[in-house]
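Content type compact mmCIF, C-alpha atoms, from the file protein.txt:
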```txt
# COMPACT_ATOMS: atom_id res chain seq x y z
CA MET A 1 0.00 0.00 0.00
CA THR A 2 1.48 3.31 -1.01
CA THR A 3 0.87 6.56 0.75
CA THR A 4 -0.38 9.46 -1.24
CA SER A 5 0.52 13.07 -0.80
CA ALA A 6 -2.90 13.68 0.78
CA ASP A 7 -2.18 11.01 3.42
CA ALA A 8 1.18 12.62 4.16
CA ASN A 9 -0.48 16.03 4.50
CA ASP A 10 -3.13 14.58 6.85
CA ARG A 11 -0.45 12.99 9.04
CA ALA A 12 1.56 16.21 9.10
CA LYS A 13 -1.52 18.26 10.01
CA ARG A 14 -2.35 15.84 12.84
CA ALA A 15 1.24 16.20 14.05
CA LEU A 16 0.78 19.99 14.07
CA VAL A 17 -2.28 19.75 16.30
CA LEU A 18 -0.81 17.10 18.58
CA SER A 19 2.38 19.11 19.04
CA VAL A 20 0.30 21.95 20.50
CA LEU A 21 -1.24 19.53 23.02
CA ILE A 22 2.00 17.90 24.29
CA GLY A 23 2.69 20.48 27.01
CA PRO A 24 -0.84 20.89 28.37
CA LEU A 25 -1.46 17.14 28.37
CA GLY A 26 1.90 16.47 30.04
CA TRP A 27 1.16 18.94 32.82
CA GLY A 28 -2.44 17.77 33.22
CA VAL A 29 -1.48 14.12 33.52
CA PHE A 30 1.33 14.99 35.95
CA PHE A 31 -0.96 17.15 38.07
CA LEU A 32 -3.80 14.62 38.26
CA VAL A 33 -1.68 11.50 38.74
CA GLY A 34 0.59 13.24 41.25
CA TYR A 35 -2.27 14.28 43.47
CA LEU A 36 -4.03 10.94 43.03
CA ILE A 37 -0.86 9.15 44.19
CA ALA A 38 -0.63 11.49 47.19
CA GLU A 39 -4.29 10.98 48.08
CA ALA A 40 -4.10 7.21 47.72
CA ALA A 41 -0.90 7.05 49.78
CA CYS A 42 -2.42 9.15 52.55
CA GLN A 43 -5.70 7.21 52.65
CA THR A 44 -4.11 3.76 52.57
CA ARG A 45 -0.98 4.60 54.58
CA ILE A 46 1.36 3.25 51.93
CA LEU A 47 4.57 4.98 50.80
CA HIS A 48 5.14 6.51 54.24
CA ASN A 49 8.82 5.56 54.42
CA SER A 50 11.65 8.01 53.82
CA VAL A 51 14.32 8.00 51.15
CA ALA A 52 17.24 10.45 51.54
CA GLY A 53 15.20 12.42 54.06
CA LEU A 54 12.20 12.75 51.75
CA ASN A 55 8.86 11.06 52.11
CA LEU A 56 8.50 8.25 49.56
CA VAL A 57 5.34 9.89 48.19
CA VAL A 58 7.38 12.98 47.36
CA VAL A 59 10.07 10.87 45.68
CA VAL A 60 7.47 9.12 43.49
CA VAL A 61 5.78 12.41 42.57
CA LEU A 62 9.13 14.05 41.77
CA GLY A 63 9.97 11.08 39.53
CA LEU A 64 6.66 11.63 37.78
CA ALA A 65 7.53 15.33 37.45
CA LEU A 66 10.84 14.41 35.84
CA LEU A 67 9.05 12.17 33.36
CA ALA A 68 6.56 14.94 32.53
CA LEU A 69 9.45 17.38 32.09
CA LEU A 70 11.17 15.00 29.70
CA VAL A 71 8.01 14.68 27.61
CA THR A 72 7.30 18.40 27.60
CA GLY A 73 10.95 19.35 27.07
CA GLY A 74 11.21 16.83 24.26
CA GLY A 75 8.16 18.40 22.66
CA ALA A 76 9.70 21.86 22.98
CA ILE A 77 12.97 20.71 21.39
CA TRP A 78 11.12 18.92 18.62
CA ASN A 79 9.04 22.01 17.87
CA TYR A 80 12.12 24.24 18.03
CA ARG A 81 13.71 22.12 15.31
CA ARG A 82 10.55 22.31 13.19
CA TRP A 83 10.41 26.07 13.68
CA ARG A 84 14.02 26.44 12.60
CA GLU A 85 13.39 24.38 9.50
CA ARG A 86 10.48 26.71 8.59
CA ALA A 87 8.69 23.84 6.92
CA TRP A 88 7.41 20.53 8.25
CA ASN A 89 8.10 17.28 6.48
CA GLY A 90 5.03 16.29 4.54
CA ILE A 91 3.52 19.77 4.39
CA ARG A 92 4.50 21.24 1.09
CA GLY A 93 2.45 23.50 -1.02
CA ASP A 94 1.42 27.08 -0.96
CA ARG A 95 2.95 29.78 1.19
CA LYS A 96 -0.11 29.90 3.47
CA THR A 97 0.33 26.24 4.48
CA GLU A 98 4.04 26.69 5.18
CA ASP A 99 3.34 29.83 7.25
CA LEU A 100 0.70 27.96 9.23
CA ALA A 101 3.16 25.13 9.94
CA THR A 102 5.76 27.64 11.10
CA PHE A 103 3.22 29.38 13.32
CA PHE A 104 2.09 26.10 14.90
CA ALA A 105 5.69 25.09 15.56
CA LEU A 106 6.45 28.42 17.24
CA VAL A 107 3.27 28.38 19.35
CA SER A 108 3.82 24.74 20.30
CA MET A 109 7.39 25.47 21.36
CA ALA A 110 6.27 28.40 23.52
CA LEU A 111 3.45 26.38 25.09
CA ASN A 112 5.77 23.49 25.90
CA VAL A 113 8.23 25.83 27.60
CA LEU A 114 5.38 27.46 29.55
CA PHE A 115 4.00 24.12 30.71
CA ALA A 116 7.50 22.87 31.59
CA LEU A 117 7.70 25.87 33.93
CA ALA A 118 4.26 24.96 35.33
CA ILE A 119 5.49 21.40 35.98
CA VAL A 120 8.57 22.69 37.82
CA LEU A 121 6.50 25.09 39.95
CA THR A 122 3.93 22.42 40.77
CA ALA A 123 6.68 19.97 41.71
CA LEU A 124 8.30 22.57 43.98
CA GLY A 125 5.04 22.94 45.86
CA MET A 126 4.84 19.18 46.23
CA LEU A 127 8.45 19.08 47.44
CA PHE A 128 8.06 21.65 50.22
CA LEU A 129 4.60 20.73 51.54
CA GLU A 130 3.78 17.75 53.71
CA PRO A 131 2.28 15.06 51.44
CA CYS A 132 -0.82 14.25 53.48
CA GLN A 133 -1.67 17.92 53.94
CA TRP A 134 -2.01 18.59 50.20
CA THR A 135 -5.47 17.10 50.01
```

Will you turn the file into structure tokens for me?
Amino acid sequence: MTTTSADANDRAKRALVLSVLIGPLGWGVFFLVGYLIAEAACQTRILHNSVAGLNLVVVVVLGLALLALLVTGGGAIWNYRRWRERAWNGIRGDRKTEDLATFFALVSMALNVLFALAIVLTALGMLFLEPCQWT
């Protein structure tokens, strides 16, 4: 089965939209799962040991924050490269389409950086507060 140019354009356009959502989805998943882990650990009394002077809940949530930062940072780097190229692979055509791809890459990069900052600030709050007092 061969791919047509329309299929390539559809895939590239889906990549444009998904690249905008990487940062917000990364932060949202981190925020929800982090607080769900904290709530479950406090209600069931699991993960109440300490590692390197930190509560185990905090260590797990900070590991989750690192994973979310890697995803969001990877998205920002990927979009930075697309922005620098000024054209996305698979999207070729008129000037309007190329400008739209450049705009999406720039906006996606900025959003990923913004949500990476939100992940860091949320993780700092989780680091300095007592785990079972968050909820």

Quick one: pull the distance between CA of Arg81 in chain A and CA of Thr102 in chain A, Å, one decimal.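 Interatomic distance here is 10.6 Å.
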
What's around Leu127 in chain A at 9 Å? Count only C-alpha atoms, leave out sequence neighbours fewer than 4 positions away in its own chain, and write the answer as number ranges by chain. A: 54, 58-59, 61-62, 122-123, 131

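Pairwise distance (CA of Val107 in chain A, CA of Gly26 in chain A) equals 16.1 Å.
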
What's around Gly28 in chain A at 10 Å? Count all atoms listed in the file, leave out sequence neighbours fewer than 4 positions away in its own chain, and write the answer as a VMD selection string. chain A and resid 22 to 24 32 to 34 68 115 119

What is the distance, in Å and to one decimal place, between CA of Leu114 in chain A and CA of Leu18 in chain A?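 That distance, rounded to one decimal, is 16.3 Å.
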